[in-house]
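J.: Here it is, the structure in full.
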Amino acid sequence: MTDTGKQLRALYFTRFASAFGLITLLTLLSDFIEQLGAEGFVLGLFATGLTFAQAVGIVPISWAADRYDKRTVLLGGVGLASVVYFAFAFVETSWQFIGVRAFQGIAATAGGLIALALVGDLARESERANTIGTSNSWRFAAAIGGTFSAGALYDAFGFDAVFALLTAISATAFVVVWLWVEPDDTRIRGFPFSDLAFNRRILTMTSFRAQYAVAVTLVRTWVPIYAGLEAASGGLGFEATVGISVVIAAEKFTNMISQPFTGSLSDRFGRARFVFVGGLFYGTVALVVPFTPAIGGALGLPSVYPVLGHLSTGFLPLVALNALLGFADSIREPASMALFADEGKGQGVASSFGVRDLVWRPGSVLAPLAGGWLTSNVGIDWVFFLGGAFAFTGVFAFLGILSYNHGRDALAAW
């Protein structure tokens with residue numbers, strides 16, 4: 001038997017590999033668009049092909065993982081990822097890219113979701129949020145590494161080198177799962193989605209999550225847009241792409257280093273209150289983002305930096321606020337994931353995480369449409385005001401339903 005610690009490390013690396021592939025391809029998406037000459041409807045499919053495939057794959061993949069061996073499903077996911085990244089090197093048309101990207105979405109769902117389910121299954125109940133937080137830290141490390149390395153590797157060696165690296169990382173994940181992760185003997189008969197979707201505790205959590213998806217999608221997507229958009233359109237007009245990368249990385253970095261610690265605290269002091277506090281903090285910080293130029297001006301901060309060039313007085317405040325957004329999310333995320341794992345344990349932990357993922361999808365799809373309309377017709381500041389508002393409505397709906405259905409002390413008891 002492989003010890004639990006070694007199994008968890010293999011799963012952490014698998015989550016790293018899955019996230020690294022996703023962020024690397026996202027970073028280079030504009031280069032693909034330019035090289036393949038995509039436009040119009042086909043251009044839109046470059047992004048939505050992946051997310052649609054991910055959404056379609058959630059239910060069958062989660063069901064198969066709970067009904068059969070999660071390790072086998074996970075091996076299928078990371079094995080498919082290796083094939084997909086190798087296939088990207090032979091893409092010559094937009095439609096080929098869309099097709100391979102859809103398979104990438106299936107592989108990412110199988111790899112990321114089932115690895116997370118196994119982490120939740122293997123973790124001790126008293127340490128579950130801490131263990132999940134550690135797993136998430138590996139995912140954020142991949143996001144930081146992929147963001148900064150993708151462009152440099154592509155500029156130096158081209159697409160083939162990028163795909164060779166992604167194939168090697170995915171193949172390594174396959175090997176470590178094969179060698180170190182034990183077969184899963186838990187078998188859930190029937191269709192656990194139908195029970196978990198109406199589980200009272202899960203319904204209480206989804207009352208928050210459905211609204212919070214709008215908040216996070218808007219804020220996380222529009223912070224870099226706000227940084228790069230020209231001042232005439234309400235943005236900061238950063239001249240250097242590296243400056244935008246620093247802003248993005250700040251959120252990932254604080255999330256990465258904080259999650260194991262905040263997860264451990266939620267294991268000790270109750271998970272529901274961390275969901276509430278994290279969401280409240282996130283909404284508050286989001287409301288402040290549009291005021292970064294005023295903050296920079298009031299503090300007398302520089303607008304020009306060596307190497308980076310002109311970045312406006314709002315650069316350092318925006319980096320600081322995005323770092324705080326990462327910390328706020330680190331308060332919420334491991335506690336939220338642990339609550340879903342608690343409910344799924346013995347009843348279908350993969351399906352429980354599948355419900356969690358499905359609830360997120362509508363908000364993450366519709367929020368960018370609202371953000372685009374607000375940016376063009378009202379002003380980009382209102383994107384952050386709307387994001388903050390949805391964070392507040394989510395946390396107070398969560399508090400209200402939690403107290404009404406589970407008692408006034410439920411916030412401390414969960």
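Residues are named by chain letter and number: chains run A, B, ... in the order of the structure tokens, numbers start at 1 in each chain, and ligands are numbered from 1 in the order shown.
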Could you list, as a list in words, every residue within 10 Å of Ala87 in chain A, counting only C-alpha atoms and ignoring same-chain residues fewer than 3 positions away?
T.: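 The residues that qualify are Ala81, Ser82, Val83, Val84, Phe90, Val91, Gln96, Phe97, Val100, Arg101, Phe163 and Thr167 of chain A.
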J.: Take the residues just selected and output them with N, CA, C and O atoms as a compact mmCIF listing (two decimals), in the first residue's frame.
T.:
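To be explicit, this is the file written out as result-v8.txt:
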# COMPACT_ATOMS: atom_id res chain seq x y z
N ALA A 81 -4.90 14.07 -21.80
CA ALA A 81 -4.21 15.37 -21.85
C ALA A 81 -2.87 15.25 -22.57
O ALA A 81 -2.50 16.12 -23.38
N SER A 82 -2.14 14.17 -22.32
CA SER A 82 -0.86 13.97 -22.99
C SER A 82 -1.05 13.88 -24.50
O SER A 82 -0.29 14.47 -25.28
N VAL A 83 -2.07 13.13 -24.92
CA VAL A 83 -2.36 12.99 -26.35
C VAL A 83 -2.79 14.33 -26.95
O VAL A 83 -2.38 14.70 -28.05
N VAL A 84 -3.61 15.07 -26.21
CA VAL A 84 -4.13 16.35 -26.71
C VAL A 84 -2.99 17.35 -26.94
O VAL A 84 -2.93 18.00 -27.99
N PHE A 90 0.17 19.53 -34.37
CA PHE A 90 -0.17 19.23 -35.76
C PHE A 90 -1.39 20.01 -36.25
O PHE A 90 -1.88 19.77 -37.35
N VAL A 91 -1.89 20.93 -35.43
CA VAL A 91 -3.05 21.73 -35.82
C VAL A 91 -2.67 22.72 -36.92
O VAL A 91 -1.67 23.43 -36.82
N GLN A 96 -9.63 22.57 -36.61
CA GLN A 96 -8.82 21.55 -35.94
C GLN A 96 -8.47 22.01 -34.52
O GLN A 96 -8.51 21.22 -33.57
N PHE A 97 -8.13 23.28 -34.39
CA PHE A 97 -7.80 23.81 -33.07
C PHE A 97 -9.00 23.70 -32.14
O PHE A 97 -8.87 23.28 -30.97
N VAL A 100 -9.49 20.00 -31.07
CA VAL A 100 -8.51 19.55 -30.08
C VAL A 100 -8.74 20.26 -28.76
O VAL A 100 -8.60 19.68 -27.68
N ARG A 101 -9.13 21.53 -28.81
CA ARG A 101 -9.39 22.30 -27.59
C ARG A 101 -10.57 21.71 -26.82
O ARG A 101 -10.58 21.72 -25.58
N PHE A 163 4.38 22.71 -26.62
CA PHE A 163 3.61 21.47 -26.59
C PHE A 163 4.43 20.29 -26.10
O PHE A 163 3.90 19.38 -25.45
N THR A 167 3.21 18.13 -22.96
CA THR A 167 3.08 16.68 -23.10
C THR A 167 3.90 15.97 -22.03
O THR A 167 3.44 15.00 -21.42
J.: Would you kindly return, as number ranges by chain, each protein, DNA or RNA residue with an atom no farther than 7 Å from any atom of range 124-138 of chain A, considering only C-alpha atoms and excluding same-chain residues fewer than 2 positions away?
T.: A: 12, 15-16, 119-120, 122, 140-142, 256-257, 259-261, 263-264, 266-267, 334-335, 338
J.: Per residue of range 360-397 of chain A within 12 Å of range 51-65 of chain A, what are the shortest atom pair and its distance in Å to one decimal, counting only C-alpha atoms, with rows by chain and residue number, as JSON lines?
T.:
{"residue": "A:Trp360", "atom": "CA", "partner": "A:Ala55", "partner_atom": "CA", "distance": 10.0}
{"residue": "A:Arg361", "atom": "CA", "partner": "A:Ala55", "partner_atom": "CA", "distance": 7.3}
{"residue": "A:Pro362", "atom": "CA", "partner": "A:Ala55", "partner_atom": "CA", "distance": 10.0}
{"residue": "A:Ser364", "atom": "CA", "partner": "A:Thr51", "partner_atom": "CA", "distance": 9.9}
{"residue": "A:Val365", "atom": "CA", "partner": "A:Thr51", "partner_atom": "CA", "distance": 8.9}
J.: Quick one: residues within 9 Å of Val162 in chain A, only C-alpha atoms, excluding same-chain residues fewer than 3 positions away - as a ChimeraX atom specification?
T.: /A:24,85,150,153-154,157-159,165-167
J.: Restrict the selected residues to N, CA and C atoms and save them as a short mmCIF file (atom, residue, chain, number, x, y, z; two decimals), in the first residue's frame.
T.:
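The result, written out as again.cif:
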data_model
loop_
_atom_site.label_atom_id
_atom_site.label_comp_id
_atom_site.auth_asym_id
_atom_site.auth_seq_id
_atom_site.Cartn_x
_atom_site.Cartn_y
_atom_site.Cartn_z
N THR A 24 -1.32 27.94 -19.78
CA THR A 24 -0.35 28.15 -20.86
C THR A 24 -1.06 28.37 -22.19
N TYR A 85 -2.08 17.48 -25.98
CA TYR A 85 -1.00 18.46 -26.14
C TYR A 85 -0.04 18.05 -27.25
N ALA A 150 5.03 30.80 -20.50
CA ALA A 150 4.48 30.48 -21.81
C ALA A 150 5.00 31.41 -22.90
N LEU A 153 8.86 31.00 -23.51
CA LEU A 153 9.20 29.76 -24.22
C LEU A 153 8.77 29.85 -25.68
N TYR A 154 7.59 30.43 -25.92
CA TYR A 154 7.11 30.58 -27.29
C TYR A 154 8.00 31.52 -28.09
N PHE A 157 11.44 29.55 -28.69
CA PHE A 157 11.50 28.27 -29.41
C PHE A 157 10.28 27.94 -30.26
N GLY A 158 9.18 28.70 -30.10
CA GLY A 158 8.00 28.43 -30.91
C GLY A 158 7.02 27.49 -30.21
N PHE A 159 5.90 27.21 -30.91
CA PHE A 159 4.83 26.40 -30.34
C PHE A 159 5.27 24.97 -30.02
N LEU A 165 6.74 20.50 -23.79
CA LEU A 165 6.77 20.65 -22.34
C LEU A 165 5.45 20.19 -21.72
N LEU A 166 4.31 20.62 -22.30
CA LEU A 166 3.00 20.25 -21.76
C LEU A 166 2.77 18.74 -21.85
N THR A 167 3.21 18.13 -22.96
CA THR A 167 3.08 16.68 -23.10
C THR A 167 3.90 15.97 -22.03
#
J.: Would you mind listing what lies within 9 Å of Glu251 in chain A as a list in words, with only C-alpha atoms counted and same-chain residues fewer than 3 positions away left out?
T.: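 Final neighbour list, sorted by chain and number: Arg220, Val247, Ile248, Thr254, Asn255, Met256, Val319, Ala320, Leu321, Asn322, Ala323, Leu324, Leu325, Gly326 and Phe327 of chain A.
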J.: For Ile295 in chain A, list every protein, DNA or RNA residue within 10 Å, evaluated using only C-alpha atoms, and leave out those in the same chain fewer than 6 positions away; present the list as a ChimeraX atom specification.
T.: /A:288-289,301,313-314,316-318
J.: Which distance in Å separates CA of Ser258 in chain A and CA of Arg209 in chain A, to one decimal?
T.: 20.8 Å
J.: Could you write out, as a PyMOL selection string, all the residues of range 116-352 of chain A that DSSP marks as strand (DSSP E)?
T.: chain A and resi 304-305+309-310
J.: Using only C-alpha atoms, determine which residues lie at most 9 Å from Phe191 in chain A, disregarding the query and same-chain residues fewer than 4 positions distant; provide the list as a ChimeraX atom specification.
T.: /A:63,67,195,351
